[in-house]
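So this one's final.txt, compact mmCIF, C-alpha atoms and all ligand atoms:
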# COMPACT_ATOMS: atom_id res chain seq x y z
CA MET A 1175 -116.08 -37.91 -85.06
CA LYS A 1176 -119.79 -37.18 -84.92
CA LYS A 1177 -119.02 -33.47 -84.81
CA TYR A 1178 -116.99 -33.75 -88.00
CA LEU A 1179 -119.76 -35.64 -89.72
CA ILE A 1180 -122.20 -32.90 -88.80
CA MET A 1181 -119.82 -30.24 -90.05
CA LEU A 1182 -119.37 -32.18 -93.27
CA ALA A 1183 -123.13 -32.52 -93.68
CA VAL A 1184 -123.58 -28.81 -93.10
CA PHE A 1185 -120.88 -28.02 -95.63
CA VAL A 1186 -122.38 -30.34 -98.24
CA ALA A 1187 -125.82 -28.86 -97.62
CA TRP A 1188 -124.36 -25.38 -98.02
CA CYS A 1189 -122.72 -26.35 -101.29
CA ILE A 1190 -126.01 -27.68 -102.62
CA THR A 1191 -128.30 -24.97 -101.37
CA LEU A 1192 -126.12 -21.96 -102.11
CA PRO A 1193 -126.59 -22.18 -105.87
CA MET A 1194 -130.31 -22.67 -105.42
CA ALA A 1195 -130.64 -19.82 -103.01
CA THR A 1196 -129.00 -17.50 -105.47
CA ASN A 1197 -131.06 -18.81 -108.32
CA PHE A 1198 -128.29 -20.64 -110.09
CA ALA A 1199 -129.89 -22.81 -112.67
CA LYS A 1200 -128.09 -23.93 -115.73
CA ALA A 1201 -128.12 -27.26 -117.41
CA SER A 1202 -125.55 -28.58 -119.76
CA LEU A 1203 -126.01 -31.69 -121.82
CA ILE A 1204 -124.15 -33.60 -119.21
CA ASP A 1205 -125.16 -32.14 -115.90
CA SER A 1206 -127.58 -29.69 -114.57
CA SER A 1207 -125.70 -26.69 -113.45
CA GLY A 1208 -126.00 -23.07 -112.48
CA GLU A 1209 -125.54 -19.49 -113.45
CA ASN A 1210 -125.65 -16.42 -111.36
CA LEU A 1211 -126.91 -13.60 -113.45
CA SER A 1212 -127.00 -11.13 -110.67
CA GLY A 1213 -124.75 -8.88 -112.67
CA PHE A 1214 -121.40 -7.29 -112.37
CA GLU A 1215 -121.22 -6.97 -108.65
CA SER A 1216 -117.59 -7.60 -107.95
CA SER A 1217 -114.62 -5.60 -108.95
CA GLN A 1218 -112.31 -6.57 -111.72
CA ILE A 1219 -109.74 -9.18 -111.09
CA GLU A 1220 -106.65 -7.68 -109.60
CA GLU A 1221 -104.03 -10.34 -110.03
CA THR A 1222 -101.84 -10.29 -113.07
CA GLN A 1223 -100.35 -13.45 -114.36
CA ASP A 1224 -97.10 -14.28 -115.97
CA SER A 1225 -98.22 -15.14 -119.43
CA ASN A 1226 -95.18 -17.25 -120.18
CA GLN A 1227 -95.50 -19.55 -117.24
CA ASN A 1228 -97.08 -22.94 -117.50
CA ASN A 1229 -98.24 -24.90 -114.53
CA SER A 1230 -96.17 -28.02 -114.81
CA GLU A 1231 -98.75 -30.00 -112.94
CA TYR A 1232 -101.25 -29.73 -115.74
CA ASP A 1233 -101.11 -30.08 -119.44
CA THR A 1234 -101.06 -26.63 -120.89
CA SER A 1235 -98.59 -27.49 -123.57
CA SER A 1236 -100.86 -27.85 -126.56
CA GLN A 1237 -101.08 -24.22 -127.42
CA ILE A 1238 -103.39 -23.31 -130.20
CA PRO A 1239 -101.78 -21.71 -133.23
CA VAL A 1240 -102.21 -17.99 -133.35
CA ASN A 1241 -104.70 -16.95 -135.96
CA SER A 1242 -105.27 -13.29 -136.45
CA ASP A 1243 -107.43 -13.40 -139.54
CA ILE A 1244 -110.43 -15.48 -138.76
CA ASP A 1245 -113.21 -16.31 -141.11
CA LEU A 1246 -115.95 -18.15 -139.32
CA THR A 1247 -117.70 -19.11 -142.49
CA ASP A 1248 -114.99 -21.20 -144.06
CA GLU A 1249 -115.19 -24.36 -142.05
CA SER A 1250 -118.42 -26.23 -142.31
CA SER A 1251 -117.32 -29.43 -143.92
CA ASP A 1252 -116.95 -31.51 -140.82
CA ASP A 1253 -120.54 -32.39 -140.11
CA VAL A 1254 -120.56 -35.61 -138.22
CA SER A 1255 -124.15 -35.75 -137.16
CA LYS A 1256 -126.96 -35.24 -139.61
CA THR A 1257 -130.19 -35.04 -137.74
CA GLU A 1258 -132.92 -34.08 -140.12
CA SER A 1259 -135.31 -32.55 -137.65
CA GLU A 1260 -137.64 -30.03 -139.15
CA VAL A 1261 -137.79 -26.59 -137.66
CA THR A 1262 -141.33 -26.22 -136.52
CA GLU A 1263 -143.02 -23.04 -135.52
CA SER A 1264 -145.78 -23.07 -133.00
CA HIS A 1265 -147.32 -20.47 -130.73
CA THR A 1266 -147.02 -17.90 -133.47
CA ASP A 1267 -149.80 -15.98 -131.78
CA ASN A 1268 -147.58 -15.60 -128.78
CA PRO A 1269 -147.46 -12.04 -127.50
CA VAL A 1270 -143.75 -12.24 -126.75
CA SER A 1271 -141.59 -11.06 -129.59
CA HIS A 1272 -139.91 -14.11 -131.03
CA PRO A 1273 -137.64 -13.80 -134.03
CA GLU A 1274 -138.09 -16.77 -136.32
CA VAL A 1275 -135.44 -19.45 -136.40
CA GLY A 1276 -133.02 -18.66 -139.14
CA ASP A 1277 -134.20 -15.09 -139.31
CA THR A 1278 -130.77 -13.63 -139.07
CA THR A 1279 -129.34 -10.55 -140.59
CA SER A 1280 -126.95 -11.72 -143.22
CA LYS A 1281 -125.42 -8.29 -143.69
CA GLU A 1282 -123.70 -8.76 -140.35
CA GLU A 1283 -122.15 -12.07 -141.30
CA SER A 1284 -118.85 -10.57 -142.28
CA GLU A 1285 -118.66 -8.20 -139.39
CA LEU A 1286 -115.76 -9.94 -137.65
CA PRO A 1287 -113.02 -7.45 -137.12
CA ASN A 1288 -109.83 -8.01 -138.98
CA GLN A 1289 -107.30 -7.26 -136.32
CA SER A 1290 -104.49 -8.96 -134.54
CA ALA A 1291 -106.01 -8.77 -131.06
CA GLY A 1292 -106.42 -12.17 -129.53
CA ALA A 1293 -103.02 -13.28 -130.72
CA GLN A 1294 -101.53 -12.91 -127.27
CA LEU A 1295 -101.81 -15.85 -124.92
CA HIS A 1296 -103.89 -15.31 -121.82
CA TYR A 1297 -104.03 -17.44 -118.73
CA VAL A 1298 -106.82 -18.15 -116.33
CA ASN A 1299 -106.89 -19.72 -112.88
CA VAL A 1300 -109.38 -22.55 -112.70
CA TYR A 1301 -110.14 -24.32 -109.45
CA ASN A 1302 -110.33 -28.08 -110.02
CA HIS A 1303 -112.90 -29.61 -107.69
CA LYS A 1304 -111.57 -33.09 -108.34
CA THR A 1305 -108.02 -32.40 -107.22
CA GLY A 1306 -108.72 -29.50 -104.88
CA LYS A 1307 -106.04 -27.49 -106.68
CA THR A 1308 -106.05 -24.43 -108.86
CA MET A 1309 -104.87 -24.94 -112.43
CA LYS A 1310 -103.32 -22.18 -114.46
CA LEU A 1311 -104.56 -22.78 -117.97
CA GLU A 1312 -104.11 -21.00 -121.23
CA PHE A 1313 -107.55 -19.51 -121.85
CA GLU A 1314 -108.18 -21.18 -125.21
CA GLU A 1315 -107.02 -24.50 -123.78
CA TYR A 1316 -109.52 -24.04 -120.98
CA ILE A 1317 -112.28 -23.45 -123.53
CA ILE A 1318 -111.45 -26.73 -125.27
CA GLY A 1319 -111.94 -28.54 -121.95
CA VAL A 1320 -115.25 -26.76 -121.34
CA VAL A 1321 -116.74 -27.55 -124.74
CA TYR A 1322 -115.37 -31.09 -124.45
CA ALA A 1323 -117.51 -31.45 -121.33
CA GLU A 1324 -120.53 -29.55 -122.64
CA ILE A 1325 -121.52 -31.11 -125.94
CA PRO A 1326 -120.78 -34.25 -127.92
CA SER A 1327 -118.13 -33.85 -130.59
CA SER A 1328 -120.55 -35.63 -132.91
CA PHE A 1329 -122.50 -32.39 -133.09
CA ASN A 1330 -122.49 -30.49 -136.34
CA TYR A 1331 -119.31 -28.46 -136.63
CA GLU A 1332 -121.16 -25.12 -136.81
CA ALA A 1333 -123.02 -25.99 -133.61
CA ILE A 1334 -119.70 -26.81 -131.96
CA LYS A 1335 -118.26 -23.47 -133.05
CA ALA A 1336 -121.34 -21.70 -131.71
CA GLN A 1337 -120.87 -23.50 -128.40
CA VAL A 1338 -117.20 -22.56 -128.32
CA ILE A 1339 -117.96 -18.86 -128.75
CA ALA A 1340 -120.78 -18.99 -126.20
CA ALA A 1341 -118.54 -20.77 -123.67
CA ARG A 1342 -115.71 -18.29 -124.29
CA SER A 1343 -117.91 -15.23 -123.85
CA TYR A 1344 -119.55 -16.67 -120.76
CA ALA A 1345 -116.19 -17.52 -119.18
CA LEU A 1346 -114.74 -14.11 -119.97
CA ASN A 1347 -117.81 -12.35 -118.63
CA ASN A 1348 -117.33 -14.26 -115.39
CA ILE A 1349 -113.61 -13.55 -115.26
CA ILE A 1350 -114.22 -9.82 -115.67
CA SER A 1351 -117.11 -9.64 -113.24
CA GLY A 1352 -115.32 -11.81 -110.69
CA GLN A 1353 -118.72 -12.96 -109.59
CA ARG A 1354 -117.81 -16.62 -109.37
CA GLU A 1355 -114.63 -16.33 -107.37
CA ARG A 1356 -116.43 -17.07 -104.17
CA GLY A 1357 -116.54 -20.77 -103.57
CA HIS A 1358 -113.29 -21.62 -105.29
CA GLU A 1359 -110.49 -19.98 -103.39
CA GLY A 1360 -110.17 -16.91 -105.51
CA ALA A 1361 -109.76 -18.70 -108.85
CA SER A 1362 -111.74 -16.99 -111.59
CA LEU A 1363 -113.53 -20.15 -112.62
CA CYS A 1364 -113.97 -23.72 -111.50
CA THR A 1365 -114.63 -27.11 -113.03
CA SER A 1366 -118.10 -27.60 -111.57
CA PRO A 1367 -120.92 -27.53 -114.11
CA GLY A 1368 -123.18 -26.67 -111.19
CA HIS A 1369 -121.25 -23.47 -110.52
CA CYS A 1370 -119.16 -22.33 -113.49
CA SER A 1371 -118.74 -24.78 -116.37
CA GLY A 1372 -117.81 -28.42 -116.61
CA TYR A 1373 -114.24 -29.08 -117.73
CA TYR A 1374 -112.78 -32.30 -119.10
CA THR A 1375 -109.20 -33.16 -119.79
CA LYS A 1376 -108.37 -35.76 -122.39
CA ALA A 1377 -107.67 -38.16 -119.53
CA ASP A 1378 -111.16 -37.53 -118.09
CA MET A 1379 -112.71 -38.34 -121.45
CA ALA A 1380 -110.48 -41.36 -122.01
CA ALA A 1381 -111.46 -42.77 -118.62
CA LYS A 1382 -115.09 -42.64 -119.70
CA TYR A 1383 -114.99 -43.55 -123.35
CA GLY A 1384 -111.51 -44.81 -124.16
CA ASP A 1385 -108.37 -43.29 -125.62
CA GLU A 1386 -109.36 -43.35 -129.25
CA PHE A 1387 -112.67 -41.60 -128.72
CA ALA A 1388 -111.05 -39.08 -126.39
CA GLU A 1389 -108.38 -38.22 -128.93
CA GLU A 1390 -110.80 -37.95 -131.83
CA SER A 1391 -113.25 -35.79 -129.88
CA TYR A 1392 -110.51 -33.58 -128.57
CA ASN A 1393 -109.23 -32.88 -132.05
CA ILE A 1394 -112.67 -31.88 -133.32
CA ILE A 1395 -113.26 -29.51 -130.41
CA LYS A 1396 -109.73 -28.12 -130.66
CA LYS A 1397 -110.26 -27.39 -134.33
CA ALA A 1398 -113.47 -25.49 -133.57
CA VAL A 1399 -111.68 -23.53 -130.84
CA SER A 1400 -108.79 -22.69 -133.18
CA ALA A 1401 -111.13 -21.68 -135.98
CA THR A 1402 -112.85 -19.16 -133.70
CA ARG A 1403 -109.82 -18.25 -131.64
CA GLY A 1404 -110.40 -15.26 -129.39
CA ILE A 1405 -113.86 -14.49 -130.74
CA VAL A 1406 -116.49 -13.58 -128.19
CA MET A 1407 -119.97 -12.14 -128.16
CA THR A 1408 -120.13 -8.66 -126.75
CA TYR A 1409 -122.89 -6.37 -125.68
CA GLU A 1410 -122.13 -2.67 -125.30
CA GLY A 1411 -118.47 -3.41 -125.80
CA MET A 1412 -118.06 -6.03 -123.10
CA PRO A 1413 -118.19 -9.85 -123.17
CA ALA A 1414 -121.79 -10.92 -122.77
CA ASN A 1415 -123.06 -13.33 -120.14
CA THR A 1416 -123.99 -15.87 -122.77
CA VAL A 1417 -125.57 -18.63 -120.72
CA PHE A 1418 -126.84 -21.71 -122.50
CA HIS A 1419 -128.86 -24.79 -121.73
CA ALA A 1420 -129.54 -28.23 -123.15
CA SER A 1421 -132.99 -27.90 -124.68
CA SER A 1422 -136.14 -25.82 -124.78
CA SER A 1423 -139.68 -26.54 -125.87
CA GLY A 1424 -140.81 -24.10 -128.54
CA PHE A 1425 -139.25 -20.98 -127.04
CA THR A 1426 -136.24 -20.13 -125.00
CA GLU A 1427 -136.81 -18.11 -121.84
CA SER A 1428 -135.87 -14.55 -121.03
CA CYS A 1429 -133.32 -13.82 -118.37
CA VAL A 1430 -135.73 -11.59 -116.50
CA GLU A 1431 -138.26 -14.43 -116.17
CA VAL A 1432 -135.70 -16.75 -114.61
CA TRP A 1433 -133.37 -14.52 -112.60
CA GLY A 1434 -135.23 -11.25 -112.37
CA ASN A 1435 -132.64 -9.07 -114.08
CA ASN A 1436 -133.11 -7.95 -117.61
CA LEU A 1437 -130.31 -8.46 -120.11
CA PRO A 1438 -131.39 -7.31 -123.58
CA TYR A 1439 -129.52 -10.10 -125.33
CA LEU A 1440 -131.18 -12.80 -123.24
CA VAL A 1441 -134.78 -12.58 -124.37
CA SER A 1442 -137.14 -15.31 -125.46
CA VAL A 1443 -136.77 -16.54 -129.05
CA THR A 1444 -138.13 -19.50 -130.96
CA THR A 1445 -136.25 -22.76 -130.99
CA PRO A 1446 -136.72 -25.73 -133.33
CA ASP A 1447 -138.55 -28.88 -132.30
CA GLU A 1448 -136.05 -30.55 -129.99
CA SER A 1449 -138.34 -33.28 -128.75
CA ASN A 1450 -136.34 -36.10 -130.34
CA PHE A 1451 -133.31 -35.32 -128.26
CA TYR A 1452 -132.02 -36.78 -125.02
CA ALA A 1453 -133.92 -35.90 -121.85
CA PHE A 1454 -136.31 -33.54 -123.57
CA TYR A 1455 -139.22 -35.17 -121.81
CA GLY A 1456 -138.79 -35.71 -118.12
CA LYS A 1457 -140.93 -37.15 -115.37
CA THR A 1458 -140.45 -36.69 -111.65
CA THR A 1459 -142.81 -38.65 -109.42
CA MET A 1460 -142.93 -38.73 -105.65
CA THR A 1461 -145.25 -39.94 -102.96
CA ALA A 1462 -147.48 -37.45 -101.24
CA SER A 1463 -145.38 -37.70 -98.08
CA GLU A 1464 -142.13 -37.12 -99.99
CA PHE A 1465 -143.74 -34.10 -101.62
CA LYS A 1466 -144.80 -32.80 -98.23
CA ALA A 1467 -141.33 -33.35 -96.78
CA LYS A 1468 -139.69 -31.38 -99.60
CA LEU A 1469 -141.94 -28.44 -98.83
CA SER A 1470 -141.65 -28.55 -95.06
CA SER A 1471 -138.75 -26.09 -94.98
CA ALA A 1472 -140.95 -23.57 -96.79
CA GLY A 1473 -143.55 -23.80 -94.05
CA VAL A 1474 -146.27 -25.14 -96.33
CA LYS A 1475 -149.18 -26.71 -94.50
CA LEU A 1476 -150.83 -29.53 -96.42
CA THR A 1477 -153.88 -31.42 -95.20
CA GLY A 1478 -156.60 -33.48 -96.81
CA SER A 1479 -156.38 -35.14 -100.19
CA PRO A 1480 -153.20 -34.48 -102.23
CA THR A 1481 -155.45 -33.79 -105.21
CA THR A 1482 -156.46 -30.54 -103.53
CA TRP A 1483 -152.94 -29.34 -102.60
CA ILE A 1484 -151.93 -27.69 -105.84
CA THR A 1485 -153.98 -24.85 -107.22
CA ASN A 1486 -153.66 -21.86 -109.47
CA ILE A 1487 -150.85 -22.73 -111.87
CA LYS A 1488 -150.03 -19.65 -113.94
CA LYS A 1489 -147.99 -20.00 -117.09
CA ASN A 1490 -145.99 -17.32 -118.79
CA ALA A 1491 -145.81 -16.45 -122.48
CA THR A 1492 -143.39 -19.28 -123.26
CA GLY A 1493 -145.58 -21.90 -121.58
CA ARG A 1494 -143.36 -22.28 -118.56
CA VAL A 1495 -144.78 -22.12 -115.05
CA ASP A 1496 -144.68 -18.60 -113.74
CA SER A 1497 -146.29 -19.30 -110.38
CA ILE A 1498 -147.92 -22.20 -108.61
CA THR A 1499 -149.83 -22.28 -105.35
CA ILE A 1500 -149.23 -25.22 -103.06
CA GLY A 1501 -151.28 -25.25 -99.88
CA ASP A 1502 -151.24 -21.67 -98.66
CA LYS A 1503 -147.97 -20.64 -100.35
CA THR A 1504 -147.20 -19.47 -103.87
CA PHE A 1505 -143.90 -20.36 -105.54
CA THR A 1506 -142.28 -19.36 -108.78
CA GLY A 1507 -141.77 -22.08 -111.35
CA GLU A 1508 -138.01 -21.71 -110.88
CA GLU A 1509 -138.34 -22.29 -107.12
CA ILE A 1510 -140.27 -25.48 -107.79
CA ARG A 1511 -137.72 -26.58 -110.37
CA SER A 1512 -134.91 -26.19 -107.83
CA ARG A 1513 -136.81 -27.68 -104.92
CA PHE A 1514 -137.87 -30.82 -106.75
CA GLY A 1515 -134.91 -31.10 -109.10
CA LEU A 1516 -137.10 -30.81 -112.21
CA LYS A 1517 -135.44 -30.62 -115.62
CA SER A 1518 -137.37 -27.51 -116.56
CA THR A 1519 -140.06 -25.06 -115.51
CA LYS A 1520 -142.22 -26.11 -118.44
CA PHE A 1521 -144.12 -28.72 -116.48
CA LYS A 1522 -147.53 -30.20 -115.93
CA VAL A 1523 -148.55 -31.53 -112.55
CA SER A 1524 -150.74 -34.54 -111.95
CA THR A 1525 -151.88 -35.72 -108.56
CA THR A 1526 -153.54 -38.83 -107.23
CA GLU A 1527 -154.45 -39.73 -103.66
CA THR A 1528 -150.94 -41.11 -103.21
CA ASN A 1529 -148.58 -39.51 -105.76
CA ILE A 1530 -147.56 -36.21 -107.31
CA SER A 1531 -145.94 -36.16 -110.76
CA PHE A 1532 -144.27 -33.44 -112.76
CA ASP A 1533 -143.98 -33.95 -116.51
CA THR A 1534 -141.40 -31.62 -118.02
CA GLU A 1535 -140.42 -30.51 -121.49
CA GLY A 1536 -136.94 -29.20 -122.19
CA TYR A 1537 -133.81 -29.44 -120.07
CA GLY A 1538 -132.29 -26.54 -118.21
CA HIS A 1539 -133.18 -22.98 -117.35
CA GLY A 1540 -134.12 -22.20 -120.94
CA VAL A 1541 -132.11 -18.96 -121.19
CA GLY A 1542 -129.74 -18.20 -124.06
CA MET A 1543 -128.70 -20.77 -126.62
CA SER A 1544 -130.36 -24.14 -126.62
CA GLN A 1545 -127.59 -26.61 -127.35
CA TYR A 1546 -129.88 -29.04 -129.13
CA GLY A 1547 -131.61 -26.16 -130.89
CA ALA A 1548 -128.19 -25.06 -132.14
CA GLU A 1549 -127.52 -28.58 -133.34
CA ILE A 1550 -130.78 -28.64 -135.31
CA MET A 1551 -130.14 -25.20 -136.78
CA ALA A 1552 -126.65 -26.28 -137.82
CA SER A 1553 -127.92 -29.45 -139.44
CA ASN A 1554 -130.38 -27.32 -141.35
CA GLY A 1555 -127.58 -25.18 -142.71
CA SER A 1556 -127.20 -22.32 -140.24
CA SER A 1557 -123.71 -21.04 -139.55
CA ALA A 1558 -122.29 -20.52 -136.08
CA GLN A 1559 -122.93 -16.77 -136.39
CA GLN A 1560 -126.52 -17.32 -137.44
CA ILE A 1561 -127.08 -19.63 -134.50
CA LEU A 1562 -125.55 -17.19 -132.03
CA ARG A 1563 -127.38 -14.17 -133.42
CA HIS A 1564 -130.61 -16.10 -133.20
CA TYR A 1565 -130.25 -17.09 -129.55
CA TYR A 1566 -128.47 -13.95 -128.31
CA THR A 1567 -130.33 -10.89 -129.46
CA GLY A 1568 -128.23 -7.93 -130.57
CA VAL A 1569 -124.79 -9.26 -129.66
CA LYS A 1570 -121.69 -8.49 -131.66
CA LEU A 1571 -118.86 -10.85 -132.47
CA GLU A 1572 -115.52 -9.33 -131.56
CA HIS A 1573 -111.99 -10.37 -130.73
CA VAL A 1574 -110.99 -10.51 -127.09
CA LYS A 1575 -109.10 -7.53 -125.77
CA ASP A 1576 -105.94 -8.02 -123.76
CA GLU A 1577 -107.16 -5.67 -121.03
CA TRP A 1578 -110.07 -8.01 -120.24
CA PHE A 1579 -107.58 -10.46 -118.77
CA LYS A 1580 -105.82 -7.97 -116.54
ZN ZN B 1601 -117.19 -22.00 -110.00

Could you take the file, read its structure, and then write that structure out as C-alpha cells?
Ligand SMILES: [Zn+2]
Amino acid sequence: MKKYLIMLAVFVAWCITLPMATNFAKASLIDSSGENLSGFESSQIEETQDSNQNNSEYDTSSQIPVNSDIDLTDESSDDVSKTESEVTESHTDNPVSHPEVGDTTSKEESELPNQSAGAQLHYVNVYNHKTGKTMKLEFEEYIIGVVYAEIPSSFNYEAIKAQVIAARSYALNNIISGQRERGHEGASLCTSPGHCSGYYTKADMAAKYGDEFAEESYNIIKKAVSATRGIVMTYEGMPANTVFHASSSGFTESCVEVWGNNLPYLVSVTTPDESNFYAFYGKTTMTASEFKAKLSSAGVKLTGSPTTWITNIKKNATGRVDSITIGDKTFTGEEIRSRFGLKSTKFKVSTTETNISFDTEGYGHGVGMSQYGAEIMASNGSSAQQILRHYYTGVKLEHVKDEWFK
C-alpha cells in the first residue's frame, strides 16, 4: 500500500513539475495553465479519422451549420458587457516597439478569403482528464467547449470572437505540431488548462452555474464559433501558436522573453488599463522558512536576516522581472513565477525579518492576447480582427485547410 502511495506521489509530482520544467506557463481566466512554445518538434499526426463517425459516448451531435462566406464584421450587436475602461498609454518612452492599442491597419479588414474551405467537418481526439477517456469531437464543437471554459459569455461579442479564433489557431497549431500528444495517450489535445486548454461541456457548466446559465452561455459562444467558422490566424501559411493569457499590466510580453524562442507574431505590444479586472493585482506572502523550503531544491543557501536574501532585481522593458538574485543564485522571473506560483512575473518583493511578499500585476505569462485587454478593446469599439491584429503582430486570417487535419 505504502509503495503505491509513493508511486502515486511521484506521479503527481511529475505531472506538476513537468510543465514547469518545460516552461509551460499560461493562464486562462479560470485557471493558470501552460504552453510549450518549444516549436514544431514532432512530426505531423499520422492517424486519419473517419469524418462521419461520432463517438456515441459524447455529445458531438450539435454540428455547426456550414458557412462558406464569412464576414467577421457583421455581428457586433450582442454586447452583453459594457465596461467603460479607458485605454491608457503609459511607458511611451519604452525602448521596445509597441504598436498603440487600436492602431490596426484597416485596409486588411476585408482580407478574409472567400472560399469554401472549412466547410468540411474535421474531427479531433481530445483526452478527457476527468473521465480518463479520449473523446472524438468535431473540431468546431471542441472550440465551443474551449471558449466556454476560457472566458465569460458576458464578454463583448467581438472579444468572444477574437478568443474563438485565437483558441482555434492555437489548437490547430498544436494538432499539427503534435507537441502536446505526450501526456495524454496520443490524443492531439486534452482538457487540462494546465497543459492544452480547458474544455467545458454544457453539463460541466450547468453543474457550476445551473441549466439556464449554461444554455444561454453556450448559445452565445456557439454563435461566435459559427460566425467565425474555420477561421484561424496564420503565420507564413501555417496556423500560428496564438497563446493568450488573462491580463497584462501596460504591455504584453514577447515570446522570447518568456520561453526563449522568438516568434515574430508574439512580440510585446501595449494593452489597455486592465487593473479593474479580476485578479489583476495579486499578493503571495510566505514565512521566511517557507520561502527557504521552496528554494531548497535549487540549492540556495540562505543565512542571516531575510531582508538581505534578495538582491539585484533586474526588470525588462515591459517592467517584468528579468532576473533576481536570491542568496548566491540568480533566477529568471519566469522561474520564480513557477516556483512560488505567482500570477505574473511583473512583481515587487518586500521582505521583513519574518515574511517575504510578492505583489503582482497581471495574470498569466503575458504573451499573446490579453483576454481582459481584448474585452476592453471590444467595449471601446474594436472588432475581433482589430483585437487579433493588435495582439498578434503580422498574422493573417485564413480559412483552415483540410490537409492540416490529416
Ligand atoms: Zn494536453

* To do: Enter the distance from atom CA of A:Leu1437 to atom CA of A:Ser1449, in Å, rounded to one decimal.
  => 27.5 Å

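Computed from the coordinates, the atom CA of A:Gly1568 to atom CA of A:Glu1355 distance equals 28.2 Å.
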
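Around ligand ZN 1601 (chain B), using all atoms listed in the file and a cut-off of 10 Å, the residues in contact are Gly1208, Glu1209, Val1300, Tyr1301, Asn1302, His1303, Asn1348, Gln1353, Arg1354, Glu1355, Arg1356, Gly1357, His1358, Glu1359, Gly1360, Ala1361, Ser1362, Leu1363, Cys1364, Thr1365, Ser1366, Pro1367, Gly1368, His1369, Cys1370, Ser1371 and Gly1372 of chain A.
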
Once you have the residues from the selection above, write them out as a PDB file, in the frame of the given file, restricted to C-alpha atoms.
ATOM      1  CA  GLY A1208    -126.000 -23.070-112.480  1.00  0.00           C
ATOM      2  CA  GLU A1209    -125.540 -19.490-113.450  1.00  0.00           C
ATOM      3  CA  VAL A1300    -109.380 -22.550-112.700  1.00  0.00           C
ATOM      4  CA  TYR A1301    -110.140 -24.320-109.450  1.00  0.00           C
ATOM      5  CA  ASN A1302    -110.330 -28.080-110.020  1.00  0.00           C
ATOM      6  CA  HIS A1303    -112.900 -29.610-107.690  1.00  0.00           C
ATOM      7  CA  ASN A1348    -117.330 -14.260-115.390  1.00  0.00           C
ATOM      8  CA  GLN A1353    -118.720 -12.960-109.590  1.00  0.00           C
ATOM      9  CA  ARG A1354    -117.810 -16.620-109.370  1.00  0.00           C
ATOM     10  CA  GLU A1355    -114.630 -16.330-107.370  1.00  0.00           C
ATOM     11  CA  ARG A1356    -116.430 -17.070-104.170  1.00  0.00           C
ATOM     12  CA  GLY A1357    -116.540 -20.770-103.570  1.00  0.00           C
ATOM     13  CA  HIS A1358    -113.290 -21.620-105.290  1.00  0.00           C
ATOM     14  CA  GLU A1359    -110.490 -19.980-103.390  1.00  0.00           C
ATOM     15  CA  GLY A1360    -110.170 -16.910-105.510  1.00  0.00           C
ATOM     16  CA  ALA A1361    -109.760 -18.700-108.850  1.00  0.00           C
ATOM     17  CA  SER A1362    -111.740 -16.990-111.590  1.00  0.00           C
ATOM     18  CA  LEU A1363    -113.530 -20.150-112.620  1.00  0.00           C
ATOM     19  CA  CYS A1364    -113.970 -23.720-111.500  1.00  0.00           C
ATOM     20  CA  THR A1365    -114.630 -27.110-113.030  1.00  0.00           C
ATOM     21  CA  SER A1366    -118.100 -27.600-111.570  1.00  0.00           C
ATOM     22  CA  PRO A1367    -120.920 -27.530-114.110  1.00  0.00           C
ATOM     23  CA  GLY A1368    -123.180 -26.670-111.190  1.00  0.00           C
ATOM     24  CA  HIS A1369    -121.250 -23.470-110.520  1.00  0.00           C
ATOM     25  CA  CYS A1370    -119.160 -22.330-113.490  1.00  0.00           C
ATOM     26  CA  SER A1371    -118.740 -24.780-116.370  1.00  0.00           C
ATOM     27  CA  GLY A1372    -117.810 -28.420-116.610  1.00  0.00           C
TER      28      GLY A1372
END

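With distances taken over all atoms listed in the file, A:Val1338 is the one residue among A:Val1430, A:Ala1420, A:Val1541, A:Val1338 lying closest to A:Thr1402.
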
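Interatomic distance, atom CA of A:Val1495 to atom CA of A:Ser1531: 14.7 Å.
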
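Comparing the minimum interatomic distances between A:Met1379 and each of A:Asn1490, A:Ser1557, A:Thr1482, A:Ser1391, counting only C-alpha atoms, we find that A:Ser1391 sits nearest.
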
Fewer than 4 positions away in the same chain doesn't count, so skip those; otherwise give me all residues within 7 Å of A:Ala1558, counting only C-alpha atoms, as a PDB file with C-alpha atoms, in the coordinates of the input.
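Saved file result_32.pdb follows:
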ATOM      1  CA  GLU A1332    -121.160 -25.120-136.810  1.00  0.00           C
ATOM      2  CA  ALA A1333    -123.020 -25.990-133.610  1.00  0.00           C
ATOM      3  CA  LYS A1335    -118.260 -23.470-133.050  1.00  0.00           C
ATOM      4  CA  ALA A1336    -121.340 -21.700-131.710  1.00  0.00           C
ATOM      5  CA  LEU A1562    -125.550 -17.190-132.030  1.00  0.00           C
TER       6      LEU A1562
END

* Asked: If you count all atoms listed in the file, which residues fall within 12 Å of A:Ile1487, apart from same-chain ones fewer than 6 positions away, as an MDAnalysis selection string?
  -> chainID A and resid 1493:1500 1504:1507 1510 1519:1524

Restricting the output to C-alpha atoms, write the selected residues as a JSON list (two decimals), in the frame of the given file.
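Output file selection-v1.json is given in full below:
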[["chain", "number", "residue", "atom", "x", "y", "z"],
["A", 1493, "GLY", "CA", -145.58, -21.90, -121.58],
["A", 1494, "ARG", "CA", -143.36, -22.28, -118.56],
["A", 1495, "VAL", "CA", -144.78, -22.12, -115.05],
["A", 1496, "ASP", "CA", -144.68, -18.60, -113.74],
["A", 1497, "SER", "CA", -146.29, -19.30, -110.38],
["A", 1498, "ILE", "CA", -147.92, -22.20, -108.61],
["A", 1499, "THR", "CA", -149.83, -22.28, -105.35],
["A", 1500, "ILE", "CA", -149.23, -25.22, -103.06],
["A", 1504, "THR", "CA", -147.20, -19.47, -103.87],
["A", 1505, "PHE", "CA", -143.90, -20.36, -105.54],
["A", 1506, "THR", "CA", -142.28, -19.36, -108.78],
["A", 1507, "GLY", "CA", -141.77, -22.08, -111.35],
["A", 1510, "ILE", "CA", -140.27, -25.48, -107.79],
["A", 1519, "THR", "CA", -140.06, -25.06, -115.51],
["A", 1520, "LYS", "CA", -142.22, -26.11, -118.44],
["A", 1521, "PHE", "CA", -144.12, -28.72, -116.48],
["A", 1522, "LYS", "CA", -147.53, -30.20, -115.93],
["A", 1523, "VAL", "CA", -148.55, -31.53, -112.55],
["A", 1524, "SER", "CA", -150.74, -34.54, -111.95]]

* Nearby residues (all atoms listed in the file) at most 10 Å from A:Tyr1565, same-chain spacing under 4 positions excluded, as an MDAnalysis selection string -> chainID A and resid 1273 1275 1416 1418 1426 1439:1445 1541:1544 1547:1548 1560:1561 1569
